[in-house]
Each structure stands twice: as structure tokens, then as C-alpha cells.
$ cat query-v2.pdb   # PDB, C-alpha atoms and all ligand atoms
ATOM      1  CA  MET A   1     -37.296   8.093   0.730  1.00  0.00           C
ATOM      2  CA  ALA A   2     -40.415   6.549  -0.805  1.00  0.00           C
ATOM      3  CA  ASN A   3     -39.519   8.202  -4.121  1.00  0.00           C
ATOM      4  CA  GLU A   4     -36.009   6.749  -4.006  1.00  0.00           C
ATOM      5  CA  SER A   5     -37.382   3.257  -3.388  1.00  0.00           C
ATOM      6  CA  ALA A   6     -39.848   3.642  -6.248  1.00  0.00           C
ATOM      7  CA  LEU A   7     -37.071   4.854  -8.567  1.00  0.00           C
ATOM      8  CA  SER A   8     -34.805   1.994  -7.561  1.00  0.00           C
ATOM      9  CA  PHE A   9     -37.661  -0.476  -8.137  1.00  0.00           C
ATOM     10  CA  LEU A  10     -38.376   0.984 -11.584  1.00  0.00           C
ATOM     11  CA  THR A  11     -34.726   0.982 -12.708  1.00  0.00           C
ATOM     12  CA  SER A  12     -34.268  -2.627 -11.608  1.00  0.00           C
ATOM     13  CA  LYS A  13     -37.379  -3.602 -13.593  1.00  0.00           C
ATOM     14  CA  LEU A  14     -36.109  -1.588 -16.584  1.00  0.00           C
ATOM     15  CA  ASP A  15     -32.745  -3.397 -16.432  1.00  0.00           C
ATOM     16  CA  SER A  16     -34.570  -6.694 -16.336  1.00  0.00           C
ATOM     17  CA  ALA A  17     -36.869  -5.833 -19.279  1.00  0.00           C
ATOM     18  CA  ILE A  18     -34.005  -4.534 -21.465  1.00  0.00           C
ATOM     19  CA  GLY A  19     -31.865  -7.564 -20.571  1.00  0.00           C
ATOM     20  CA  TRP A  20     -34.732  -9.894 -21.500  1.00  0.00           C
ATOM     21  CA  ALA A  21     -35.263  -8.139 -24.859  1.00  0.00           C
ATOM     22  CA  ARG A  22     -31.544  -8.115 -25.673  1.00  0.00           C
ATOM     23  CA  LYS A  23     -30.894 -11.727 -24.845  1.00  0.00           C
ATOM     24  CA  TYR A  24     -33.636 -12.930 -27.197  1.00  0.00           C
ATOM     25  CA  SER A  25     -32.667 -10.654 -30.097  1.00  0.00           C
ATOM     26  CA  ILE A  26     -29.041 -11.531 -30.699  1.00  0.00           C
ATOM     27  CA  PHE A  27     -27.640 -10.403 -34.033  1.00  0.00           C
ATOM     28  CA  GLN A  28     -24.504 -12.427 -34.472  1.00  0.00           C
ATOM     29  CA  TYR A  29     -21.595 -11.745 -36.787  1.00  0.00           C
ATOM     30  CA  PRO A  30     -19.996 -15.058 -37.796  1.00  0.00           C
ATOM     31  CA  PHE A  31     -16.235 -14.630 -38.326  1.00  0.00           C
ATOM     32  CA  VAL A  32     -15.622 -18.081 -39.782  1.00  0.00           C
ATOM     33  CA  THR A  33     -12.106 -19.048 -40.836  1.00  0.00           C
ATOM     34  CA  ALA A  34     -11.810 -22.841 -40.655  1.00  0.00           C
ATOM     35  CA  CYS A  35     -13.370 -26.273 -40.128  1.00  0.00           C
ATOM     36  CA  CYS A  36     -15.395 -25.282 -37.022  1.00  0.00           C
ATOM     37  CA  GLY A  37     -17.691 -23.488 -39.468  1.00  0.00           C
ATOM     38  CA  MET A  38     -19.384 -26.794 -40.373  1.00  0.00           C
ATOM     39  CA  GLU A  39     -20.513 -27.381 -36.803  1.00  0.00           C
ATOM     40  CA  TYR A  40     -21.476 -23.741 -36.467  1.00  0.00           C
ATOM     41  CA  MET A  41     -23.841 -24.189 -39.431  1.00  0.00           C
ATOM     42  CA  ALA A  42     -25.225 -27.434 -37.989  1.00  0.00           C
ATOM     43  CA  THR A  43     -26.423 -25.501 -34.944  1.00  0.00           C
ATOM     44  CA  ALA A  44     -28.698 -23.452 -37.182  1.00  0.00           C
ATOM     45  CA  CYS A  45     -30.360 -26.531 -38.689  1.00  0.00           C
ATOM     46  CA  SER A  46     -33.790 -27.662 -37.575  1.00  0.00           C
ATOM     47  CA  HIS A  47     -32.529 -30.435 -35.280  1.00  0.00           C
ATOM     48  CA  TYR A  48     -30.855 -27.920 -32.930  1.00  0.00           C
ATOM     49  CA  ASP A  49     -32.786 -24.830 -34.024  1.00  0.00           C
ATOM     50  CA  ILE A  50     -30.831 -21.852 -32.720  1.00  0.00           C
ATOM     51  CA  ASP A  51     -33.861 -19.706 -33.645  1.00  0.00           C
ATOM     52  CA  ARG A  52     -35.453 -20.809 -30.359  1.00  0.00           C
ATOM     53  CA  PHE A  53     -32.948 -18.555 -28.622  1.00  0.00           C
ATOM     54  CA  GLY A  54     -33.571 -15.559 -30.864  1.00  0.00           C
ATOM     55  CA  ALA A  55     -30.084 -15.922 -32.319  1.00  0.00           C
ATOM     56  CA  GLY A  56     -30.759 -17.455 -35.724  1.00  0.00           C
ATOM     57  CA  PHE A  57     -30.328 -14.389 -37.877  1.00  0.00           C
ATOM     58  CA  PRO A  58     -26.687 -13.621 -38.730  1.00  0.00           C
ATOM     59  CA  ARG A  59     -25.705 -10.157 -39.894  1.00  0.00           C
ATOM     60  CA  PHE A  60     -22.775  -9.694 -42.232  1.00  0.00           C
ATOM     61  CA  SER A  61     -21.953  -6.176 -41.162  1.00  0.00           C
ATOM     62  CA  PRO A  62     -20.258  -5.660 -37.788  1.00  0.00           C
ATOM     63  CA  ARG A  63     -22.144  -2.376 -37.404  1.00  0.00           C
ATOM     64  CA  GLN A  64     -25.438  -4.286 -37.293  1.00  0.00           C
ATOM     65  CA  SER A  65     -24.229  -7.005 -34.902  1.00  0.00           C
ATOM     66  CA  ASP A  66     -23.964  -7.306 -31.162  1.00  0.00           C
ATOM     67  CA  VAL A  67     -22.320 -10.733 -30.770  1.00  0.00           C
ATOM     68  CA  LEU A  68     -19.112 -11.656 -32.575  1.00  0.00           C
ATOM     69  CA  PHE A  69     -18.773 -15.418 -33.080  1.00  0.00           C
ATOM     70  CA  VAL A  70     -15.129 -16.195 -33.837  1.00  0.00           C
ATOM     71  CA  VAL A  71     -15.187 -19.634 -35.451  1.00  0.00           C
ATOM     72  CA  GLY A  72     -11.896 -21.298 -36.403  1.00  0.00           C
ATOM     73  CA  THR A  73      -8.161 -20.818 -36.336  1.00  0.00           C
ATOM     74  CA  ILE A  74      -6.908 -17.213 -36.303  1.00  0.00           C
ATOM     75  CA  SER A  75      -3.523 -16.555 -37.855  1.00  0.00           C
ATOM     76  CA  HIS A  76      -1.380 -13.545 -36.968  1.00  0.00           C
ATOM     77  CA  LYS A  77      -2.029 -12.204 -40.470  1.00  0.00           C
ATOM     78  CA  MET A  78      -5.776 -12.379 -39.792  1.00  0.00           C
ATOM     79  CA  ALA A  79      -5.542 -10.844 -36.290  1.00  0.00           C
ATOM     80  CA  PRO A  80      -5.651  -7.146 -37.362  1.00  0.00           C
ATOM     81  CA  VAL A  81      -8.792  -7.868 -39.429  1.00  0.00           C
ATOM     82  CA  LEU A  82     -10.490  -9.495 -36.438  1.00  0.00           C
ATOM     83  CA  LYS A  83      -9.574  -6.528 -34.226  1.00  0.00           C
ATOM     84  CA  GLU A  84     -10.958  -4.086 -36.799  1.00  0.00           C
ATOM     85  CA  ILE A  85     -14.234  -6.012 -37.058  1.00  0.00           C
ATOM     86  CA  TYR A  86     -14.539  -5.936 -33.258  1.00  0.00           C
ATOM     87  CA  ASP A  87     -13.816  -2.199 -33.141  1.00  0.00           C
ATOM     88  CA  GLN A  88     -16.525  -1.524 -35.732  1.00  0.00           C
ATOM     89  CA  MET A  89     -19.246  -3.108 -33.568  1.00  0.00           C
ATOM     90  CA  CYS A  90     -21.349  -0.763 -31.425  1.00  0.00           C
ATOM     91  CA  GLU A  91     -21.693  -1.140 -27.660  1.00  0.00           C
ATOM     92  CA  PRO A  92     -22.993  -3.195 -25.988  1.00  0.00           C
ATOM     93  CA  LYS A  93     -21.198  -6.076 -27.672  1.00  0.00           C
ATOM     94  CA  TRP A  94     -20.093  -9.561 -26.748  1.00  0.00           C
ATOM     95  CA  VAL A  95     -17.584 -12.070 -28.109  1.00  0.00           C
ATOM     96  CA  VAL A  96     -17.819 -15.861 -28.286  1.00  0.00           C
ATOM     97  CA  ALA A  97     -14.691 -17.968 -28.883  1.00  0.00           C
ATOM     98  CA  PHE A  98     -15.939 -21.013 -30.790  1.00  0.00           C
ATOM     99  CA  GLY A  99     -13.662 -24.075 -30.734  1.00  0.00           C
ATOM    100  CA  VAL A 100     -10.332 -24.822 -29.145  1.00  0.00           C
ATOM    101  CA  CYS A 101      -8.377 -23.010 -31.874  1.00  0.00           C
ATOM    102  CA  THR A 102      -9.969 -19.682 -30.991  1.00  0.00           C
ATOM    103  CA  CYS A 103      -9.813 -20.370 -27.239  1.00  0.00           C
ATOM    104  CA  THR A 104      -6.114 -21.317 -27.051  1.00  0.00           C
ATOM    105  CA  GLY A 105      -4.658 -21.886 -30.511  1.00  0.00           C
ATOM    106  CA  GLY A 106      -5.472 -25.590 -30.167  1.00  0.00           C
ATOM    107  CA  PHE A 107      -3.114 -27.939 -31.938  1.00  0.00           C
ATOM    108  CA  TYR A 108      -1.508 -25.094 -33.795  1.00  0.00           C
ATOM    109  CA  ASP A 109       1.176 -24.207 -31.298  1.00  0.00           C
ATOM    110  CA  ASN A 110       3.323 -22.491 -33.907  1.00  0.00           C
ATOM    111  CA  TYR A 111       4.665 -19.136 -35.044  1.00  0.00           C
ATOM    112  CA  SER A 112       1.746 -18.304 -37.349  1.00  0.00           C
ATOM    113  CA  THR A 113      -1.275 -18.967 -35.101  1.00  0.00           C
ATOM    114  CA  VAL A 114      -2.745 -16.681 -32.453  1.00  0.00           C
ATOM    115  CA  GLN A 115      -2.665 -18.557 -29.135  1.00  0.00           C
ATOM    116  CA  GLY A 116      -6.163 -17.550 -28.054  1.00  0.00           C
ATOM    117  CA  ILE A 117      -8.198 -14.639 -29.409  1.00  0.00           C
ATOM    118  CA  ASP A 118      -8.337 -13.096 -25.940  1.00  0.00           C
ATOM    119  CA  THR A 119      -4.809 -11.856 -26.663  1.00  0.00           C
ATOM    120  CA  ILE A 120      -6.409  -9.526 -29.251  1.00  0.00           C
ATOM    121  CA  ILE A 121      -9.978  -8.804 -28.096  1.00  0.00           C
ATOM    122  CA  PRO A 122     -11.973  -9.435 -24.889  1.00  0.00           C
ATOM    123  CA  VAL A 123     -13.885 -12.735 -24.846  1.00  0.00           C
ATOM    124  CA  ASP A 124     -17.148 -13.296 -22.934  1.00  0.00           C
ATOM    125  CA  ILE A 125     -17.812 -16.983 -23.585  1.00  0.00           C
ATOM    126  CA  TYR A 126     -15.423 -19.836 -24.436  1.00  0.00           C
ATOM    127  CA  ILE A 127     -16.883 -22.884 -26.174  1.00  0.00           C
ATOM    128  CA  PRO A 128     -14.265 -25.668 -26.149  1.00  0.00           C
ATOM    129  CA  GLY A 129     -14.128 -28.660 -28.485  1.00  0.00           C
ATOM    130  CA  CYS A 130     -12.652 -29.601 -31.845  1.00  0.00           C
ATOM    131  CA  PRO A 131     -15.126 -28.842 -33.173  1.00  0.00           C
ATOM    132  CA  PRO A 132     -17.647 -28.175 -30.382  1.00  0.00           C
ATOM    133  CA  ARG A 133     -20.834 -30.224 -30.645  1.00  0.00           C
ATOM    134  CA  PRO A 134     -23.995 -28.202 -31.329  1.00  0.00           C
ATOM    135  CA  GLU A 135     -25.155 -29.032 -27.779  1.00  0.00           C
ATOM    136  CA  ASN A 136     -22.008 -27.305 -26.457  1.00  0.00           C
ATOM    137  CA  VAL A 137     -22.732 -24.320 -28.681  1.00  0.00           C
ATOM    138  CA  LEU A 138     -26.260 -24.009 -27.324  1.00  0.00           C
ATOM    139  CA  ASP A 139     -24.915 -24.331 -23.782  1.00  0.00           C
ATOM    140  CA  GLY A 140     -22.471 -21.488 -24.491  1.00  0.00           C
ATOM    141  CA  LEU A 141     -25.279 -19.437 -26.004  1.00  0.00           C
ATOM    142  CA  MET A 142     -27.438 -19.869 -22.892  1.00  0.00           C
ATOM    143  CA  LYS A 143     -24.486 -18.781 -20.717  1.00  0.00           C
ATOM    144  CA  LEU A 144     -24.116 -15.716 -22.924  1.00  0.00           C
ATOM    145  CA  GLN A 145     -27.839 -14.960 -22.588  1.00  0.00           C
ATOM    146  CA  ASP A 146     -27.468 -15.127 -18.825  1.00  0.00           C
ATOM    147  CA  LYS A 147     -24.586 -12.653 -19.009  1.00  0.00           C
ATOM    148  CA  ILE A 148     -26.578 -10.306 -21.272  1.00  0.00           C
ATOM    149  CA  GLN A 149     -29.568 -10.469 -18.917  1.00  0.00           C
ATOM    150  CA  HIS A 150     -27.470  -9.194 -16.012  1.00  0.00           C
ATOM    151  CA  VAL A 151     -25.957  -6.135 -17.743  1.00  0.00           C
ATOM    152  CA  LYS A 152     -26.951  -2.984 -15.839  1.00  0.00           C
ATOM    153  CA  VAL A 153     -28.466  -0.365 -18.130  1.00  0.00           C
ATOM    154  CA  ALA A 154     -30.107   2.226 -15.896  1.00  0.00           C
TER     155      ALA A 154
HETATM  156  S1  LIG B   1     -11.053 -26.408 -33.178  1.00  0.00           S
HETATM  157 FE1  LIG B   1     -10.749 -28.181 -34.535  1.00  0.00          FE
HETATM  158  S2  LIG B   1     -12.508 -28.097 -35.935  1.00  0.00           S
HETATM  159 FE2  LIG B   1     -12.306 -26.065 -34.998  1.00  0.00          FE
HETATM  160  S3  LIG B   1     -11.034 -24.844 -36.384  1.00  0.00           S
HETATM  161 FE3  LIG B   1      -9.679 -25.788 -34.873  1.00  0.00          FE
HETATM  162  S4  LIG B   1      -8.972 -27.702 -35.836  1.00  0.00           S
HETATM  163 FE4  LIG B   1     -10.812 -27.010 -36.952  1.00  0.00          FE
END
$ encode --input "query-v2.pdb" --output "C-alpha cells"
Amino acid sequence: MANESALSFLTSKLDSAIGWARKYSIFQYPFVTACCGMEYMATACSHYDIDRFGAGFPRFSPRQSDVLFVVGTISHKMAPVLKEIYDQMCEPKWVVAFGVCTCTGGFYDNYSTVQGIDTIIPVDIYIPGCPPRPENVLDGLMKLQDKIQHVKVA
């Protein structure tokens, strides 16, 4: 019984330590297709300093990334590419929908635009706005960190 308690204690601490390490070493893949990209870049500038959250270093290979930032309008022609990028990422992986176009299709309620990327891939965090302010982006990032922290590993 004592051994079981000790094991349970250790695994909970291991979960916590791995969650802490993961949430401050985010390698993001920016899938940028439209105007939201400008505000995405602003978040990396010194005034907002996304580096404070350990998320300032984008990777341009999905195989080296653990968070997919989908930034901008996604057309139906682009949808298979987005799905392939997502499939190439290793587990564990997370997805952020950046801007109203990715969340719901936004203004583009038409035949050519995907009405929300969650119709193609699972989404963990939605950041609304057209475009979202950097403060909203950082808020979404902190919510994602909280989610990453609570993933059970052991
Ligand atoms: S949400 Fe607004 S700023 Fe972002 S891609 Fe759509 S139209 Fe452009």
C-alpha cells in the first residue's frame, strides 16, 4: 500500500515536471495564409515579447513542431495541405485557431472558404478577433500552456 502511494506520488510529480517543461518549450509551426499574419508577427516583437513564454522560436518543419498556429483564411483548396501538415506533426501536438477566419470562416461565408478549421483538424485554442490583438494572442497562449501542463504522461 505504501509502495502504491509512493508510486502515485512520483507519477503525479513526473506529470507536473514534464508538463512544466513542455509548456515553456513550445515549438510552433506558423501556417500563415492571410492578413492575420501581421498581428501574429507583432506578438513576437519586443513590446509583447512572446519569448517570455518559451514560444518565440518558430520551426518551419511540422516534424519539429508541437503547436500548429493556423493564421488566416483557409480555402477549400488549401484544406488538404493543412490536414497533411497536421498529420506530419508528432504527438503530443496542439492546434491554435488564430483569428475569426480560422475559427468560423469569418466574413467569408462563401463556397470557397472553410467555415472553421475544426471541420478539418481538432482545435485546442480559439483566438477570436479580426485580427486578434497581441494581448488576445498572449491570453490564448497562456490558456494553451495551462492545457499542456495538465496532460497526463505517466
Ligand atoms: S480574421 Fe480578419 S485579419 Fe485575420 S485573416 Fe481574417 S480577415 Fe484577415
$ axis_aligned_box --input "query-v2.pdb" --around "ligand LIG 1 (chain B)" --padding-each-side "5 Å" --output "lines of an AutoDock Vina configuration file"
center_x = -10.7
center_y = -26.5
center_z = -35.1
size_x = 13.5
size_y = 13.3
size_z = 13.8
$ closest_residue --input "query-v2.pdb" --among "A:Thr43, A:Thr104, A:Ser112, A:Asn3" --to "ligand LIG 1 (chain B)" --atoms "all atoms listed in the file"
A:Thr104
$ residues_around --input "query-v2.pdb" --residues "segment 36-39 of chain A" --least-positions-apart "5" --cutoff "7 Å" --atoms "all atoms listed in the file" --output "list in words"
Val71, Gly72, Gly99, Pro131, Arg133 and Pro134 of chain A
$ closest_residue --input "query-v2.pdb" --among "A:Lys23, A:Lys83, A:His47, A:Arg63" --to "Ile117 of chain A" --atoms "all atoms listed in the file"
A:Lys83
$ resolve_selection --input "query-v2.pdb" --expression "the PyMOL selection byres (((not hetatm)) within 10 of (chain B and resi 1))" --output "JSON, numbers by chain"
{"A": [32, 33, 34, 35, 36, 37, 38, 39, 40, 70, 71, 72, 73, 74, 98, 99, 100, 101, 102, 103, 104, 105, 106, 107, 108, 127, 128, 129, 130, 131, 132]}
$ closest_residue --input "query-v2.pdb" --among "A:Val81, A:Ala21, A:Asp87, A:Ser75" --to "Asp109 of chain A" --atoms "all atoms listed in the file"
A:Ser75
$ resolve_selection --input "query-v2.pdb" --expression "the PyMOL selection byres (((chain A and resi 52) around 12) and not hetatm)" --output "list of chain:residue names"
A:Lys23, A:Tyr24, A:Ser25, A:Ile26, A:Thr43, A:Ala44, A:Cys45, A:Ser46, A:His47, A:Tyr48, A:Asp49, A:Ile50, A:Asp51, A:Phe53, A:Gly54, A:Ala55, A:Gly56, A:Phe57, A:Leu138, A:Leu141, A:Met142
$ atom_distance --input "query-v2.pdb" --atom1 "atom CA of Lys152 of chain A" --atom2 "atom CA of Ser65 of chain A"
19.7 Å
$ atom_distance --input "query-v2.pdb" --atom1 "atom CA of Ile85 of chain A" --atom2 "atom CA of Glu135 of chain A"
27.1 Å
$ build_atoms --input "query-v2.pdb" --residues "segment 100-115 of chain A" --atoms "N, CA, C and O atoms" --output "compact mmCIF listing (two decimals), in the coordinates of the input"
# COMPACT_ATOMS: atom_id res chain seq x y z
N VAL A 100 -11.58 -24.90 -29.90
CA VAL A 100 -10.33 -24.82 -29.14
C VAL A 100 -9.29 -23.94 -29.84
O VAL A 100 -8.45 -23.31 -29.18
N CYS A 101 -9.36 -23.86 -31.16
CA CYS A 101 -8.38 -23.01 -31.87
C CYS A 101 -8.53 -21.54 -31.48
O CYS A 101 -7.54 -20.84 -31.31
N THR A 102 -9.77 -21.09 -31.37
CA THR A 102 -9.97 -19.68 -30.99
C THR A 102 -9.70 -19.48 -29.50
O THR A 102 -9.25 -18.41 -29.09
N CYS A 103 -10.01 -20.51 -28.69
CA CYS A 103 -9.81 -20.37 -27.24
C CYS A 103 -8.33 -20.30 -26.87
O CYS A 103 -7.93 -19.49 -26.03
N THR A 104 -7.52 -21.20 -27.49
CA THR A 104 -6.11 -21.32 -27.05
C THR A 104 -5.10 -21.47 -28.18
O THR A 104 -3.91 -21.60 -27.93
N GLY A 105 -5.56 -21.54 -29.40
CA GLY A 105 -4.66 -21.89 -30.51
C GLY A 105 -4.75 -23.36 -30.86
O GLY A 105 -4.33 -23.77 -31.94
N GLY A 106 -5.27 -24.16 -29.92
CA GLY A 106 -5.47 -25.59 -30.17
C GLY A 106 -4.19 -26.32 -30.51
O GLY A 106 -3.15 -26.11 -29.88
N PHE A 107 -4.28 -27.14 -31.53
CA PHE A 107 -3.11 -27.94 -31.94
C PHE A 107 -2.03 -27.08 -32.55
O PHE A 107 -0.89 -27.48 -32.66
N TYR A 108 -2.42 -25.90 -32.99
CA TYR A 108 -1.51 -25.09 -33.80
C TYR A 108 -0.63 -24.22 -32.92
O TYR A 108 -0.75 -22.99 -32.88
N ASP A 109 0.24 -24.90 -32.18
CA ASP A 109 1.18 -24.21 -31.30
C ASP A 109 2.40 -23.84 -32.13
O ASP A 109 3.45 -24.48 -32.05
N ASN A 110 2.24 -22.84 -32.99
CA ASN A 110 3.32 -22.49 -33.91
C ASN A 110 3.40 -20.97 -34.11
O ASN A 110 2.58 -20.21 -33.59
N TYR A 111 4.37 -20.57 -34.90
CA TYR A 111 4.66 -19.14 -35.04
C TYR A 111 3.56 -18.35 -35.74
O TYR A 111 3.47 -17.14 -35.60
N SER A 112 2.69 -19.04 -36.51
CA SER A 112 1.75 -18.30 -37.35
C SER A 112 0.35 -18.17 -36.74
O SER A 112 -0.48 -17.43 -37.25
N THR A 113 0.08 -18.90 -35.63
CA THR A 113 -1.27 -18.97 -35.10
C THR A 113 -1.40 -18.18 -33.80
O THR A 113 -0.55 -18.29 -32.91
N VAL A 114 -2.46 -17.41 -33.69
CA VAL A 114 -2.74 -16.68 -32.45
C VAL A 114 -3.10 -17.69 -31.37
O VAL A 114 -3.98 -18.53 -31.57
N GLN A 115 -2.46 -17.59 -30.23
CA GLN A 115 -2.66 -18.56 -29.14
C GLN A 115 -3.81 -18.10 -28.22
O GLN A 115 -3.64 -17.83 -27.03
